[in-house]
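Below: final-v6.pdb (PDB, C-alpha atoms, pLDDT in the B column)
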```
ATOM      1  CA  VAL D  47     105.642  95.746 121.777  1.00 91.00           C
ATOM      2  CA  GLN D  48     104.396  98.061 119.032  1.00 94.00           C
ATOM      3  CA  LEU D  49     102.023  96.786 116.388  1.00 96.00           C
ATOM      4  CA  GLN D  50     101.541  98.132 112.883  1.00 95.00           C
ATOM      5  CA  ALA D  51      98.711  96.832 110.732  1.00 96.00           C
ATOM      6  CA  SER D  52      98.721  97.131 106.964  1.00 95.00           C
ATOM      7  CA  GLY D  53      97.188  95.688 103.831  1.00 95.00           C
ATOM      8  CA  GLY D  54      93.593  96.784 104.010  1.00 92.00           C
ATOM      9  CA  GLY D  55      91.726  98.043 100.995  1.00 97.00           C
ATOM     10  CA  LEU D  56      88.686  97.735  98.777  1.00 97.00           C
ATOM     11  CA  VAL D  57      87.617  94.405  97.318  1.00 97.00           C
ATOM     12  CA  GLN D  58      84.497  93.041  95.689  1.00 98.00           C
ATOM     13  CA  ALA D  59      82.329  90.482  97.404  1.00 98.00           C
ATOM     14  CA  GLY D  60      83.689  87.003  96.903  1.00 98.00           C
ATOM     15  CA  GLY D  61      87.217  88.286  96.593  1.00 98.00           C
ATOM     16  CA  SER D  62      90.267  87.882  98.788  1.00 98.00           C
ATOM     17  CA  LEU D  63      92.471  90.224 100.757  1.00 97.00           C
ATOM     18  CA  SER D  64      95.163  89.833 103.368  1.00 97.00           C
ATOM     19  CA  VAL D  65      96.087  92.108 106.222  1.00 98.00           C
ATOM     20  CA  SER D  66      99.363  91.932 108.083  1.00 97.00           C
ATOM     21  CA  CYS D  67     100.623  93.044 111.438  1.00 97.00           C
ATOM     22  CA  ALA D  68     104.280  93.854 112.064  1.00 96.00           C
ATOM     23  CA  ALA D  69     105.528  93.772 115.628  1.00 94.00           C
ATOM     24  CA  SER D  70     108.479  95.749 116.872  1.00 90.00           C
ATOM     25  CA  GLY D  71     110.150  95.991 120.235  1.00 85.00           C
ATOM     26  CA  ARG D  72     109.899  92.728 122.088  1.00 76.00           C
ATOM     27  CA  THR D  73     109.788  89.801 119.656  1.00 79.00           C
ATOM     28  CA  SER D  74     106.335  88.658 118.613  1.00 74.00           C
ATOM     29  CA  SER D  75     106.991  85.046 119.616  1.00 82.00           C
ATOM     30  CA  ASN D  76     106.427  86.142 123.213  1.00 89.00           C
ATOM     31  CA  TYR D  77     102.796  86.987 122.463  1.00 94.00           C
ATOM     32  CA  VAL D  78      99.517  85.477 121.491  1.00 96.00           C
ATOM     33  CA  MET D  79      98.405  87.515 118.502  1.00 97.00           C
ATOM     34  CA  GLY D  80      94.849  88.297 117.494  1.00 97.00           C
ATOM     35  CA  TRP D  81      92.728  90.188 115.015  1.00 98.00           C
ATOM     36  CA  PHE D  82      89.589  92.109 115.931  1.00 98.00           C
ATOM     37  CA  ARG D  83      87.347  94.266 113.799  1.00 98.00           C
ATOM     38  CA  GLN D  84      84.917  97.093 114.271  1.00 98.00           C
ATOM     39  CA  ALA D  85      82.238  98.002 111.791  1.00 97.00           C
ATOM     40  CA  PRO D  86      80.551 101.430 111.829  1.00 92.00           C
ATOM     41  CA  GLY D  87      78.068 101.664 114.650  1.00 95.00           C
ATOM     42  CA  LYS D  88      79.025  98.297 116.078  1.00 97.00           C
ATOM     43  CA  GLU D  89      81.201  97.077 118.905  1.00 97.00           C
ATOM     44  CA  ARG D  90      84.612  95.664 118.248  1.00 97.00           C
ATOM     45  CA  GLU D  91      84.507  91.899 117.798  1.00 98.00           C
ATOM     46  CA  PHE D  92      86.958  89.032 117.792  1.00 98.00           C
ATOM     47  CA  VAL D  93      88.002  87.623 114.417  1.00 98.00           C
ATOM     48  CA  ALA D  94      90.941  85.247 114.883  1.00 98.00           C
ATOM     49  CA  ALA D  95      93.914  84.512 117.112  1.00 98.00           C
ATOM     50  CA  ILE D  96      97.066  82.435 116.987  1.00 97.00           C
ATOM     51  CA  SER D  97      99.220  80.976 119.730  1.00 95.00           C
ATOM     52  CA  LYS D  98     102.824  81.981 120.352  1.00 94.00           C
ATOM     53  CA  THR D  99     104.224  79.084 118.338  1.00 93.00           C
ATOM     54  CA  GLY D 100     101.495  79.108 115.705  1.00 94.00           C
ATOM     55  CA  GLY D 101     100.346  75.651 116.715  1.00 94.00           C
ATOM     56  CA  GLY D 102      96.968  76.844 117.913  1.00 95.00           C
ATOM     57  CA  THR D 103      94.428  78.996 116.110  1.00 97.00           C
ATOM     58  CA  TRP D 104      90.981  80.286 117.025  1.00 97.00           C
ATOM     59  CA  TYR D 105      88.287  81.804 114.838  1.00 98.00           C
ATOM     60  CA  SER D 106      84.922  83.424 115.282  1.00 98.00           C
ATOM     61  CA  ASP D 107      82.062  81.451 113.833  1.00 98.00           C
ATOM     62  CA  THR D 108      81.403  84.196 111.294  1.00 97.00           C
ATOM     63  CA  VAL D 109      84.809  83.819 109.627  1.00 98.00           C
ATOM     64  CA  LYS D 110      85.637  80.164 110.247  1.00 98.00           C
ATOM     65  CA  GLY D 111      86.375  78.416 106.981  1.00 97.00           C
ATOM     66  CA  ARG D 112      86.915  81.696 105.127  1.00 98.00           C
ATOM     67  CA  PHE D 113      89.750  83.364 107.016  1.00 98.00           C
ATOM     68  CA  ALA D 114      93.149  81.972 107.975  1.00 98.00           C
ATOM     69  CA  ILE D 115      95.581  83.416 110.497  1.00 98.00           C
ATOM     70  CA  SER D 116      99.279  82.658 110.363  1.00 98.00           C
ATOM     71  CA  ARG D 117     102.487  83.988 111.829  1.00 97.00           C
ATOM     72  CA  ASP D 118     106.155  84.200 110.961  1.00 96.00           C
ATOM     73  CA  ASN D 119     108.082  84.674 114.168  1.00 94.00           C
ATOM     74  CA  ALA D 120     111.350  85.119 112.316  1.00 93.00           C
ATOM     75  CA  LYS D 121     109.841  88.193 110.656  1.00 94.00           C
ATOM     76  CA  ASN D 122     107.695  89.257 113.627  1.00 94.00           C
ATOM     77  CA  THR D 123     104.591  89.302 111.481  1.00 96.00           C
ATOM     78  CA  VAL D 124     101.071  87.943 111.682  1.00 97.00           C
ATOM     79  CA  THR D 125      98.861  87.682 108.619  1.00 98.00           C
ATOM     80  CA  LEU D 126      95.123  87.307 108.240  1.00 98.00           C
ATOM     81  CA  GLN D 127      94.181  85.865 104.862  1.00 98.00           C
ATOM     82  CA  MET D 128      90.560  86.653 104.083  1.00 98.00           C
ATOM     83  CA  ASN D 129      88.733  84.715 101.378  1.00 98.00           C
ATOM     84  CA  SER D 130      85.152  84.682 100.138  1.00 98.00           C
ATOM     85  CA  LEU D 131      84.695  88.158 101.539  1.00 98.00           C
ATOM     86  CA  LYS D 132      81.221  89.486 102.194  1.00 98.00           C
ATOM     87  CA  PRO D 133      79.982  93.070 102.538  1.00 97.00           C
ATOM     88  CA  GLU D 134      79.416  92.372 106.233  1.00 97.00           C
ATOM     89  CA  ASP D 135      83.172  91.851 106.618  1.00 98.00           C
ATOM     90  CA  THR D 136      83.616  95.579 106.045  1.00 98.00           C
ATOM     91  CA  ALA D 137      85.301  97.017 109.122  1.00 98.00           C
ATOM     92  CA  VAL D 138      88.461  98.448 110.570  1.00 98.00           C
ATOM     93  CA  TYR D 139      90.691  95.512 111.418  1.00 98.00           C
ATOM     94  CA  TYR D 140      92.935  95.716 114.462  1.00 98.00           C
ATOM     95  CA  CYS D 141      95.804  93.470 115.426  1.00 97.00           C
ATOM     96  CA  ALA D 142      96.489  92.930 119.091  1.00 97.00           C
ATOM     97  CA  ALA D 143      98.811  90.997 121.374  1.00 97.00           C
ATOM     98  CA  TYR D 144      99.130  89.674 124.902  1.00 96.00           C
ATOM     99  CA  ASP D 145     101.630  87.568 126.818  1.00 93.00           C
ATOM    100  CA  GLY D 146      99.520  85.405 129.106  1.00 84.00           C
ATOM    101  CA  SER D 147     102.472  83.329 130.320  1.00 87.00           C
ATOM    102  CA  GLY D 148     101.855  81.029 133.240  1.00 82.00           C
ATOM    103  CA  ARG D 149      98.066  81.206 133.282  1.00 86.00           C
ATOM    104  CA  PRO D 150      95.055  80.004 131.319  1.00 86.00           C
ATOM    105  CA  SER D 151      93.838  82.592 128.867  1.00 88.00           C
ATOM    106  CA  ALA D 152      90.992  83.223 126.471  1.00 94.00           C
ATOM    107  CA  PRO D 153      92.371  84.267 123.065  1.00 95.00           C
ATOM    108  CA  ALA D 154      88.946  85.366 121.848  1.00 95.00           C
ATOM    109  CA  ALA D 155      88.450  87.760 124.732  1.00 95.00           C
ATOM    110  CA  GLU D 156      89.255  91.388 124.105  1.00 96.00           C
ATOM    111  CA  TYR D 157      90.190  91.974 127.752  1.00 95.00           C
ATOM    112  CA  GLU D 158      93.191  89.651 127.370  1.00 96.00           C
ATOM    113  CA  TYR D 159      94.938  91.932 124.932  1.00 97.00           C
ATOM    114  CA  ASP D 160      97.363  94.530 126.247  1.00 95.00           C
ATOM    115  CA  TYR D 161      98.751  95.887 122.996  1.00 96.00           C
ATOM    116  CA  TRP D 162      96.859  97.174 119.972  1.00 97.00           C
ATOM    117  CA  GLY D 163      97.756  98.376 116.514  1.00 96.00           C
ATOM    118  CA  GLN D 164      96.186 101.373 114.840  1.00 94.00           C
ATOM    119  CA  GLY D 165      93.787  99.474 112.545  1.00 94.00           C
ATOM    120  CA  THR D 166      93.435  99.091 108.813  1.00 97.00           C
ATOM    121  CA  GLN D 167      90.248  99.577 106.790  1.00 97.00           C
ATOM    122  CA  VAL D 168      88.783  96.684 104.836  1.00 98.00           C
ATOM    123  CA  THR D 169      85.851  97.487 102.578  1.00 98.00           C
ATOM    124  CA  VAL D 170      83.923  94.817 100.695  1.00 98.00           C
ATOM    125  CA  SER D 171      81.608  96.065  97.976  1.00 97.00           C
ATOM    126  CA  SER D 172      78.520  94.161  96.885  1.00 93.00           C
TER     127      SER D 172
END
```
This entry written out as structure tokens:
Amino acid sequence: VQLQASGGGLVQAGGSLSVSCAASGRTSSNYVMGWFRQAPGKEREFVAAISKTGGGTWYSDTVKGRFAISRDNAKNTVTLQMNSLKPEDTAVYYCAAYDGSGRPSAPAAEYEYDYWGQGTQVTVSS
């Protein structure tokens, strides 16, 4: 599967922004989808993930209550809605996917993910 992230940009603190990930190739409903981010000088970190059907979601503590992940399997897209943005949310946001069929998995763990998009920049000004 190929992943293409889009929708990043510049927003003021307290504002909202959404980023989307379009999957092509094998249909996205075969994959757990996640968002990670990497700020300058920092390691990449988990942001949010969503199960294959959309019935399960996971969030990092730093974004819980502010961000919402959703998916539209008919359109092969996953969206991360980001509200109440803070300057510390500034990062390159990456979408990622893995299958994980037939085994327990850890959606917050970077090592689970086999496929990655190219990233989209989100900048939050103070």
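Between D:Ala137 and the candidates D:Ser172, D:Thr166, D:Ser52, D:Ser74, the tightest atom-to-atom separation, counting only C-alpha atoms, involves D:Thr166.
Note that the spacing between atom CA of D:Thr108 and atom CA of D:Asn76 amounts to 27.8 Å.
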**Request:** For the structure provided, state which residues fall under the PyMOL selection byres ((chain D and resi 126-128) around 8), and present them as a count of residues only.
**Result:** 16
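With only C-alpha atoms as the atoms that count, the minimum distance from D:Asn119 to the choices D:Thr73, D:Gln164, D:Gln84, D:Thr103 is reached by D:Thr73.
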**Message:** List as a list in words the protein and nucleic acid residues near stretch 145-161 of chain D, meaning an atom at most 8 Å away when all atoms listed in the file are counted, but skip any in the same chain fewer than 6 places from it.
**Reply:** Val47, Gln48, Leu49, Asn76, Tyr77, Val78, Gly80, Glu91, Phe92, Val93, Ala94, Ala95, Ile96, Trp104, Tyr105 and Ser106 of chain D
**Item:** Counting only C-alpha atoms, the residue of D:Ser171, D:Pro133, D:Ala85, D:Gly165 that sits nearest D:Ala51
**Value:** D:Gly165
**Request:** Identify which of the residues D:Ala69, D:Tyr144, D:Arg90, D:Gly60 lies closest to D:Gly163, counting all atoms listed in the file when measuring atom-to-atom distances.
**Result:** D:Ala69
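Comparing the minimum interatomic distances between D:Tyr139 and each of D:Gly87, D:Phe82, D:Ala59, D:Val170, counting all atoms listed in the file, we find that D:Phe82 sits nearest.
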**Request:** Can you work out which one of D:Ser75, D:Gln50, D:Thr169, D:Thr136 has the shortest atom-to-atom distance to D:Ala120, counting all atoms listed in the file?
**Result:** D:Ser75
For stretch 99-117 of chain D, what centre and edge lengths in Å (one decimal) does the axis-aligned box get once 5 Å is added on each side of all its listed atoms, as AutoDock Vina command-line options?
```
--center_x 92.8 --center_y 79.9 --center_z 111.7 --size_x 32.8 --size_y 18.5 --size_z 23.2
```
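Taking atom CA of D:Tyr140 and atom CA of D:Gln58 as the two end points, the separation is 20.8 Å.
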